[in-house]
>>> print(open('run-v2.pdb').read())   # PDB, C-alpha atoms
ATOM      1  CA  MET A   1       0.000   0.000   0.000  1.00  0.00           C
ATOM      2  CA  SER A   2       2.897   2.361   0.553  1.00  0.00           C
ATOM      3  CA  ASP A   3       3.564   2.296  -3.213  1.00  0.00           C
ATOM      4  CA  VAL A   4      -0.049   3.293  -3.874  1.00  0.00           C
ATOM      5  CA  ILE A   5       0.250   6.287  -1.560  1.00  0.00           C
ATOM      6  CA  LYS A   6       3.676   7.220  -2.937  1.00  0.00           C
ATOM      7  CA  ASP A   7       2.407   7.123  -6.537  1.00  0.00           C
ATOM      8  CA  LYS A   8      -0.587   9.428  -6.027  1.00  0.00           C
ATOM      9  CA  ASP A   9       0.876  11.967  -8.472  1.00  0.00           C
ATOM     10  CA  LYS A  10       1.080   9.239 -11.142  1.00  0.00           C
ATOM     11  CA  GLY A  11      -2.589   8.314 -10.747  1.00  0.00           C
ATOM     12  CA  THR A  12      -5.522   9.134 -12.988  1.00  0.00           C
ATOM     13  CA  SER A  13      -7.353  12.323 -11.965  1.00  0.00           C
ATOM     14  CA  ALA A  14     -10.599  13.940 -13.022  1.00  0.00           C
ATOM     15  CA  GLN A  15     -12.584  16.877 -11.727  1.00  0.00           C
ATOM     16  CA  TYR A  16     -16.304  16.485 -11.051  1.00  0.00           C
ATOM     17  CA  ASN A  17     -19.042  19.001 -10.323  1.00  0.00           C
ATOM     18  CA  VAL A  18     -20.017  17.551  -6.962  1.00  0.00           C
ATOM     19  CA  SER A  19     -19.128  18.509  -3.412  1.00  0.00           C
ATOM     20  CA  ALA A  20     -16.292  16.709  -1.657  1.00  0.00           C
ATOM     21  CA  GLU A  21     -18.840  15.000   0.603  1.00  0.00           C
ATOM     22  CA  GLN A  22     -20.803  13.732  -2.395  1.00  0.00           C
ATOM     23  CA  ALA A  23     -17.570  12.624  -4.093  1.00  0.00           C
ATOM     24  CA  TRP A  24     -16.498  10.731  -0.977  1.00  0.00           C
ATOM     25  CA  ASP A  25     -19.807   8.830  -0.864  1.00  0.00           C
ATOM     26  CA  ILE A  26     -19.661   8.166  -4.618  1.00  0.00           C
ATOM     27  CA  ALA A  27     -16.111   6.813  -4.358  1.00  0.00           C
ATOM     28  CA  ILE A  28     -17.162   4.362  -1.644  1.00  0.00           C
ATOM     29  CA  THR A  29     -20.133   3.246  -3.753  1.00  0.00           C
ATOM     30  CA  VAL A  30     -17.962   2.740  -6.840  1.00  0.00           C
ATOM     31  CA  LEU A  31     -15.450   0.683  -4.862  1.00  0.00           C
ATOM     32  CA  ARG A  32     -18.306  -1.473  -3.569  1.00  0.00           C
ATOM     33  CA  TRP A  33     -19.693  -1.859  -7.109  1.00  0.00           C
ATOM     34  CA  GLU A  34     -16.269  -3.124  -8.129  1.00  0.00           C
ATOM     35  CA  ARG A  35     -16.284  -5.706  -5.322  1.00  0.00           C
ATOM     36  CA  CYS A  36     -13.450  -4.154  -3.368  1.00  0.00           C
ATOM     37  CA  GLU A  37     -12.695  -5.532   0.044  1.00  0.00           C
ATOM     38  CA  THR A  38     -12.595  -3.518   3.288  1.00  0.00           C
ATOM     39  CA  ILE A  39     -12.251   0.208   2.606  1.00  0.00           C
ATOM     40  CA  GLU A  40      -9.789   1.926   4.918  1.00  0.00           C
ATOM     41  CA  GLN A  41     -10.981   5.540   5.160  1.00  0.00           C
ATOM     42  CA  HIS A  42      -8.634   8.428   5.991  1.00  0.00           C
ATOM     43  CA  LYS A  43     -11.175  11.192   5.494  1.00  0.00           C
ATOM     44  CA  ASN A  44      -9.176  13.859   7.351  1.00  0.00           C
ATOM     45  CA  GLN A  45      -6.358  13.234   4.848  1.00  0.00           C
ATOM     46  CA  ASN A  46      -8.724  13.005   1.848  1.00  0.00           C
ATOM     47  CA  TYR A  47      -7.954   9.438   0.829  1.00  0.00           C
ATOM     48  CA  MET A  48      -9.114   5.839   1.110  1.00  0.00           C
ATOM     49  CA  LEU A  49      -7.352   2.537   0.498  1.00  0.00           C
ATOM     50  CA  THR A  50      -8.711  -0.868  -0.404  1.00  0.00           C
ATOM     51  CA  THR A  51      -7.935  -4.077  -2.214  1.00  0.00           C
ATOM     52  CA  VAL A  52      -9.559  -6.066  -4.983  1.00  0.00           C
ATOM     53  CA  GLY A  53      -9.444  -9.817  -4.554  1.00  0.00           C
ATOM     54  CA  ARG A  54      -8.174 -12.415  -6.989  1.00  0.00           C
ATOM     55  CA  ASP A  55     -10.093 -13.066 -10.197  1.00  0.00           C
ATOM     56  CA  PHE A  56      -9.499 -14.890 -13.494  1.00  0.00           C
ATOM     57  CA  VAL A  57      -7.087 -12.213 -14.725  1.00  0.00           C
ATOM     58  CA  SER A  58      -5.203 -11.108 -11.651  1.00  0.00           C
ATOM     59  CA  GLU A  59      -4.069 -12.012  -8.156  1.00  0.00           C
ATOM     60  CA  GLY A  60      -5.760  -8.779  -7.111  1.00  0.00           C
ATOM     61  CA  SER A  61      -5.101  -5.075  -6.843  1.00  0.00           C
ATOM     62  CA  LEU A  62      -4.248  -2.390  -4.347  1.00  0.00           C
ATOM     63  CA  VAL A  63      -6.327   0.763  -4.767  1.00  0.00           C
ATOM     64  CA  GLY A  64      -6.020   4.315  -3.440  1.00  0.00           C
ATOM     65  CA  VAL A  65      -8.590   7.061  -4.037  1.00  0.00           C
ATOM     66  CA  TRP A  66      -8.062  10.741  -3.175  1.00  0.00           C
ATOM     67  CA  VAL A  67     -11.028  13.112  -2.921  1.00  0.00           C
ATOM     68  CA  GLU A  68      -9.896  16.734  -2.827  1.00  0.00           C
ATOM     69  CA  PRO A  69     -12.202  19.757  -2.886  1.00  0.00           C
ATOM     70  CA  VAL A  70     -11.451  22.346  -5.556  1.00  0.00           C
ATOM     71  CA  THR A  71     -14.447  24.573  -4.743  1.00  0.00           C
ATOM     72  CA  SER A  72     -17.585  23.944  -2.693  1.00  0.00           C
ATOM     73  CA  GLN A  73     -19.170  22.194  -5.693  1.00  0.00           C
ATOM     74  CA  SER A  74     -16.148  20.851  -7.557  1.00  0.00           C
ATOM     75  CA  THR A  75     -13.907  17.989  -6.502  1.00  0.00           C
ATOM     76  CA  LYS A  76     -10.749  16.412  -7.895  1.00  0.00           C
ATOM     77  CA  VAL A  77     -10.744  12.614  -7.675  1.00  0.00           C
ATOM     78  CA  THR A  78      -7.498  10.708  -8.173  1.00  0.00           C
ATOM     79  CA  VAL A  79      -7.194   6.927  -8.277  1.00  0.00           C
ATOM     80  CA  VAL A  80      -4.101   4.727  -8.210  1.00  0.00           C
ATOM     81  CA  THR A  81      -4.233   0.983  -8.800  1.00  0.00           C
ATOM     82  CA  LYS A  82      -1.319  -1.419  -8.399  1.00  0.00           C
ATOM     83  CA  ARG A  83      -1.019  -5.162  -8.943  1.00  0.00           C
ATOM     84  CA  LYS A  84      -0.693  -7.196  -5.743  1.00  0.00           C
ATOM     85  CA  VAL A  85       1.768  -9.438  -7.585  1.00  0.00           C
ATOM     86  CA  SER A  86       4.133  -7.463  -9.808  1.00  0.00           C
ATOM     87  CA  THR A  87       4.382 -10.270 -12.380  1.00  0.00           C
ATOM     88  CA  ASN A  88       0.636 -10.144 -13.117  1.00  0.00           C
ATOM     89  CA  LEU A  89      -0.221  -8.606 -16.466  1.00  0.00           C
ATOM     90  CA  ALA A  90      -3.339  -6.804 -15.261  1.00  0.00           C
ATOM     91  CA  THR A  91      -5.004  -5.300 -12.220  1.00  0.00           C
ATOM     92  CA  GLY A  92      -8.455  -6.328 -11.030  1.00  0.00           C
ATOM     93  CA  LEU A  93      -9.656  -2.727 -11.276  1.00  0.00           C
ATOM     94  CA  THR A  94      -8.118  -0.209 -13.645  1.00  0.00           C
ATOM     95  CA  GLU A  95      -7.902   3.518 -13.026  1.00  0.00           C
ATOM     96  CA  THR A  96      -9.879   4.149 -16.221  1.00  0.00           C
ATOM     97  CA  ALA A  97     -12.640   1.765 -15.148  1.00  0.00           C
ATOM     98  CA  PHE A  98     -12.885   3.485 -11.762  1.00  0.00           C
ATOM     99  CA  GLN A  99     -13.172   6.950 -13.336  1.00  0.00           C
ATOM    100  CA  ARG A 100     -15.774   5.689 -15.846  1.00  0.00           C
ATOM    101  CA  ARG A 101     -17.882   4.236 -13.009  1.00  0.00           C
ATOM    102  CA  PHE A 102     -17.385   7.410 -10.951  1.00  0.00           C
ATOM    103  CA  ALA A 103     -18.657   9.597 -13.826  1.00  0.00           C
ATOM    104  CA  GLN A 104     -21.626   7.257 -14.225  1.00  0.00           C
ATOM    105  CA  ALA A 105     -22.441   7.617 -10.512  1.00  0.00           C
ATOM    106  CA  VAL A 106     -22.131  11.417 -10.703  1.00  0.00           C
ATOM    107  CA  ASP A 107     -24.661  11.410 -13.556  1.00  0.00           C
ATOM    108  CA  ILE A 108     -27.082   9.382 -11.421  1.00  0.00           C
ATOM    109  CA  VAL A 109     -26.694  11.756  -8.456  1.00  0.00           C
ATOM    110  CA  LYS A 110     -26.959  14.901 -10.615  1.00  0.00           C
ATOM    111  CA  SER A 111     -30.183  13.605 -12.209  1.00  0.00           C
ATOM    112  CA  GLY A 112     -31.720  13.271  -8.741  1.00  0.00           C
ATOM    113  CA  GLY A 113     -31.377   9.507  -8.529  1.00  0.00           C
ATOM    114  CA  THR A 114     -30.142   7.338  -5.703  1.00  0.00           C
ATOM    115  CA  LEU A 115     -27.036   5.249  -6.167  1.00  0.00           C
ATOM    116  CA  PRO A 116     -28.039   1.597  -6.399  1.00  0.00           C
ATOM    117  CA  ILE A 117     -26.411  -1.097  -4.301  1.00  0.00           C
ATOM    118  CA  GLU A 118     -25.666  -3.202  -7.376  1.00  0.00           C
ATOM    119  CA  PRO A 119     -23.672  -1.626 -10.223  1.00  0.00           C
ATOM    120  CA  PRO A 120     -25.780  -0.390 -13.123  1.00  0.00           C
ATOM    121  CA  PRO A 121     -24.886  -1.478 -16.668  1.00  0.00           C
ATOM    122  CA  ILE A 122     -21.955   0.494 -18.077  1.00  0.00           C
ATOM    123  CA  ASN A 123     -23.049   3.045 -20.667  1.00  0.00           C
TER     124      ASN A 123
END
>>> encode(input="run-v2.pdb", output="structure tokens")
Amino acid sequence: MSDVIKDKDKGTSAQYNVSAEQAWDIAITVLRWERCETIEQHKNQNYMLTTVGRDFVSEGSLVGVWVEPVTSQSTKVTVVTKRKVSTNLATGLTETAFQRRFAQAVDIVKSGGTLPIEPPPIN
């Protein structure tokens, strides 16, 4: 996990028109949609850490998500994913997939909907 934290500046970032509180809740939902394990929350430091278990492609992933307010209604979200086993070819959750799911969740929230427990189909 220390490599995930160290590589924050190498992660994939996007800015969303939601408050930091909304972004925090969305990030947790997205990680749950992606079947992440226990989410270690460091809210006072604006980040969370979790893992993705083994699947057919990978031995699993380490994931870090940073939620940083830009303005009261704009938030920068950065995600870093690392392979648990460096010789694996893929991670269980990619940074691009996380950001795609996050944008999908923002659209649901902005349209007045409630985030479902199960992940909706990807657009």
>>> resolve_selection(input="run-v2.pdb", expression="the PyMOL selection byres ((chain A and resi 24) around 9)", output="CSV table (one decimal) with C-alpha atoms, in the coordinates of the input")
chain,number,residue,atom,x,y,z
A,19,SER,CA,-19.1,18.5,-3.4
A,20,ALA,CA,-16.3,16.7,-1.7
A,21,GLU,CA,-18.8,15.0,0.6
A,22,GLN,CA,-20.8,13.7,-2.4
A,23,ALA,CA,-17.6,12.6,-4.1
A,25,ASP,CA,-19.8,8.8,-0.9
A,26,ILE,CA,-19.7,8.2,-4.6
A,27,ALA,CA,-16.1,6.8,-4.4
A,28,ILE,CA,-17.2,4.4,-1.6
A,29,THR,CA,-20.1,3.2,-3.8
A,43,LYS,CA,-11.2,11.2,5.5
A,46,ASN,CA,-8.7,13.0,1.8
A,47,TYR,CA,-8.0,9.4,0.8
A,66,TRP,CA,-8.1,10.7,-3.2
A,67,VAL,CA,-11.0,13.1,-2.9
>>> atom_distance(input="run-v2.pdb", atom1="CA of Lys10 (chain A)", atom2="CA of Val65 (chain A)")
12.2 Å
>>> resolve_selection(input="run-v2.pdb", expression="the PyMOL selection byres ((chain A and resi 120) around 12)", output="PyMOL selection string")
chain A and resi 29-30+33-34+101-102+104-105+107-108+114-119+121-123
>>> write_last_selection(input="run-v2.pdb", atoms="C-alpha atoms", output="JSON list (two decimals), in the frame of the given file")
[["chain", "number", "residue", "atom", "x", "y", "z"],
["A", 29, "THR", "CA", -20.13, 3.25, -3.75],
["A", 30, "VAL", "CA", -17.96, 2.74, -6.84],
["A", 33, "TRP", "CA", -19.69, -1.86, -7.11],
["A", 34, "GLU", "CA", -16.27, -3.12, -8.13],
["A", 101, "ARG", "CA", -17.88, 4.24, -13.01],
["A", 102, "PHE", "CA", -17.39, 7.41, -10.95],
["A", 104, "GLN", "CA", -21.63, 7.26, -14.22],
["A", 105, "ALA", "CA", -22.44, 7.62, -10.51],
["A", 107, "ASP", "CA", -24.66, 11.41, -13.56],
["A", 108, "ILE", "CA", -27.08, 9.38, -11.42],
["A", 114, "THR", "CA", -30.14, 7.34, -5.70],
["A", 115, "LEU", "CA", -27.04, 5.25, -6.17],
["A", 116, "PRO", "CA", -28.04, 1.60, -6.40],
["A", 117, "ILE", "CA", -26.41, -1.10, -4.30],
["A", 118, "GLU", "CA", -25.67, -3.20, -7.38],
["A", 119, "PRO", "CA", -23.67, -1.63, -10.22],
["A", 121, "PRO", "CA", -24.89, -1.48, -16.67],
["A", 122, "ILE", "CA", -21.96, 0.49, -18.08],
["A", 123, "ASN", "CA", -23.05, 3.04, -20.67]]
>>> closest_residue(input="run-v2.pdb", among="A:Val52, A:Val18, A:Cys36, A:Val80", to="Val106 (chain A)", atoms="all atoms listed in the file")
A:Val18
>>> closest_residue(input="run-v2.pdb", among="A:His42, A:Arg35, A:Ser111, A:Gln99", to="Lys76 (chain A)", atoms="only C-alpha atoms")
A:Gln99
>>> residues_near_point(input="run-v2.pdb", point="(1.9, 0.6, 5.3)", cutoff="12 Å", atoms="all atoms listed in the file", output="ChimeraX atom specification")
/A:1-6,40,49,62
>>> write_last_selection(input="run-v2.pdb", atoms="C-alpha atoms", output="CSV table (one decimal), in the coordinates of the input")
chain,number,residue,atom,x,y,z
A,1,MET,CA,0.0,0.0,0.0
A,2,SER,CA,2.9,2.4,0.6
A,3,ASP,CA,3.6,2.3,-3.2
A,4,VAL,CA,0.0,3.3,-3.9
A,5,ILE,CA,0.2,6.3,-1.6
A,6,LYS,CA,3.7,7.2,-2.9
A,40,GLU,CA,-9.8,1.9,4.9
A,49,LEU,CA,-7.4,2.5,0.5
A,62,LEU,CA,-4.2,-2.4,-4.3
>>> build_atoms(input="run-v2.pdb", residues="region 55-79 of chain A", atoms="N, CA and C atoms", output="PDB file, in the coordinates of the input")
ATOM      1  N   ASP A  55      -9.087 -12.680  -9.207  1.00  0.00           N
ATOM      2  CA  ASP A  55     -10.093 -13.066 -10.197  1.00  0.00           C
ATOM      3  C   ASP A  55      -9.403 -13.879 -11.283  1.00  0.00           C
ATOM      4  N   PHE A  56     -10.059 -14.074 -12.416  1.00  0.00           N
ATOM      5  CA  PHE A  56      -9.499 -14.890 -13.494  1.00  0.00           C
ATOM      6  C   PHE A  56      -8.277 -14.253 -14.154  1.00  0.00           C
ATOM      7  N   VAL A  57      -8.141 -12.950 -14.034  1.00  0.00           N
ATOM      8  CA  VAL A  57      -7.087 -12.213 -14.725  1.00  0.00           C
ATOM      9  C   VAL A  57      -5.923 -11.859 -13.811  1.00  0.00           C
ATOM     10  N   SER A  58      -6.179 -11.712 -12.536  1.00  0.00           N
ATOM     11  CA  SER A  58      -5.203 -11.108 -11.651  1.00  0.00           C
ATOM     12  C   SER A  58      -5.237 -11.738 -10.265  1.00  0.00           C
ATOM     13  N   GLU A  59      -4.134 -11.612  -9.564  1.00  0.00           N
ATOM     14  CA  GLU A  59      -4.069 -12.012  -8.156  1.00  0.00           C
ATOM     15  C   GLU A  59      -4.683 -10.935  -7.265  1.00  0.00           C
ATOM     16  N   GLY A  60      -5.137  -9.850  -7.869  1.00  0.00           N
ATOM     17  CA  GLY A  60      -5.760  -8.779  -7.111  1.00  0.00           C
ATOM     18  C   GLY A  60      -5.034  -7.456  -7.268  1.00  0.00           C
ATOM     19  N   SER A  61      -5.626  -6.438  -6.700  1.00  0.00           N
ATOM     20  CA  SER A  61      -5.101  -5.075  -6.843  1.00  0.00           C
ATOM     21  C   SER A  61      -5.112  -4.349  -5.509  1.00  0.00           C
ATOM     22  N   LEU A  62      -4.262  -3.365  -5.430  1.00  0.00           N
ATOM     23  CA  LEU A  62      -4.248  -2.390  -4.347  1.00  0.00           C
ATOM     24  C   LEU A  62      -4.789  -1.100  -4.944  1.00  0.00           C
ATOM     25  N   VAL A  63      -5.661  -0.418  -4.222  1.00  0.00           N
ATOM     26  CA  VAL A  63      -6.327   0.763  -4.767  1.00  0.00           C
ATOM     27  C   VAL A  63      -6.276   1.904  -3.751  1.00  0.00           C
ATOM     28  N   GLY A  64      -5.943   3.100  -4.235  1.00  0.00           N
ATOM     29  CA  GLY A  64      -6.020   4.315  -3.440  1.00  0.00           C
ATOM     30  C   GLY A  64      -6.863   5.332  -4.178  1.00  0.00           C
ATOM     31  N   VAL A  65      -7.745   6.021  -3.453  1.00  0.00           N
ATOM     32  CA  VAL A  65      -8.590   7.061  -4.037  1.00  0.00           C
ATOM     33  C   VAL A  65      -8.448   8.316  -3.183  1.00  0.00           C
ATOM     34  N   TRP A  66      -8.159   9.446  -3.844  1.00  0.00           N
ATOM     35  CA  TRP A  66      -8.062  10.741  -3.175  1.00  0.00           C
ATOM     36  C   TRP A  66      -9.221  11.606  -3.628  1.00  0.00           C
ATOM     37  N   VAL A  67      -9.877  12.253  -2.663  1.00  0.00           N
ATOM     38  CA  VAL A  67     -11.028  13.112  -2.921  1.00  0.00           C
ATOM     39  C   VAL A  67     -10.671  14.486  -2.353  1.00  0.00           C
ATOM     40  N   GLU A  68     -10.391  15.429  -3.261  1.00  0.00           N
ATOM     41  CA  GLU A  68      -9.896  16.734  -2.827  1.00  0.00           C
ATOM     42  C   GLU A  68     -10.775  17.860  -3.347  1.00  0.00           C
ATOM     43  N   PRO A  69     -11.350  18.652  -2.438  1.00  0.00           N
ATOM     44  CA  PRO A  69     -12.202  19.757  -2.886  1.00  0.00           C
ATOM     45  C   PRO A  69     -11.409  20.793  -3.676  1.00  0.00           C
ATOM     46  N   VAL A  70     -12.013  21.261  -4.760  1.00  0.00           N
ATOM     47  CA  VAL A  70     -11.451  22.346  -5.556  1.00  0.00           C
ATOM     48  C   VAL A  70     -12.205  23.616  -5.193  1.00  0.00           C
ATOM     49  N   THR A  71     -13.538  23.529  -5.229  1.00  0.00           N
ATOM     50  CA  THR A  71     -14.447  24.573  -4.743  1.00  0.00           C
ATOM     51  C   THR A  71     -15.520  23.861  -3.935  1.00  0.00           C
ATOM     52  N   SER A  72     -16.527  24.585  -3.482  1.00  0.00           N
ATOM     53  CA  SER A  72     -17.585  23.944  -2.693  1.00  0.00           C
ATOM     54  C   SER A  72     -18.392  22.941  -3.520  1.00  0.00           C
ATOM     55  N   GLN A  73     -18.401  23.099  -4.833  1.00  0.00           N
ATOM     56  CA  GLN A  73     -19.170  22.194  -5.693  1.00  0.00           C
ATOM     57  C   GLN A  73     -18.319  21.560  -6.804  1.00  0.00           C
ATOM     58  N   SER A  74     -17.032  21.470  -6.578  1.00  0.00           N
ATOM     59  CA  SER A  74     -16.148  20.851  -7.557  1.00  0.00           C
ATOM     60  C   SER A  74     -15.060  20.084  -6.800  1.00  0.00           C
ATOM     61  N   THR A  75     -14.823  18.855  -7.231  1.00  0.00           N
ATOM     62  CA  THR A  75     -13.907  17.989  -6.502  1.00  0.00           C
ATOM     63  C   THR A  75     -12.993  17.246  -7.469  1.00  0.00           C
ATOM     64  N   LYS A  76     -11.725  17.188  -7.125  1.00  0.00           N
ATOM     65  CA  LYS A  76     -10.749  16.412  -7.895  1.00  0.00           C
ATOM     66  C   LYS A  76     -10.674  15.020  -7.274  1.00  0.00           C
ATOM     67  N   VAL A  77     -10.815  14.002  -8.123  1.00  0.00           N
ATOM     68  CA  VAL A  77     -10.744  12.614  -7.675  1.00  0.00           C
ATOM     69  C   VAL A  77      -9.580  11.943  -8.402  1.00  0.00           C
ATOM     70  N   THR A  78      -8.668  11.393  -7.630  1.00  0.00           N
ATOM     71  CA  THR A  78      -7.498  10.708  -8.173  1.00  0.00           C
ATOM     72  C   THR A  78      -7.546   9.259  -7.720  1.00  0.00           C
ATOM     73  N   VAL A  79      -7.239   8.352  -8.619  1.00  0.00           N
ATOM     74  CA  VAL A  79      -7.194   6.927  -8.277  1.00  0.00           C
ATOM     75  C   VAL A  79      -5.866   6.333  -8.739  1.00  0.00           C
TER      76      VAL A  79
END
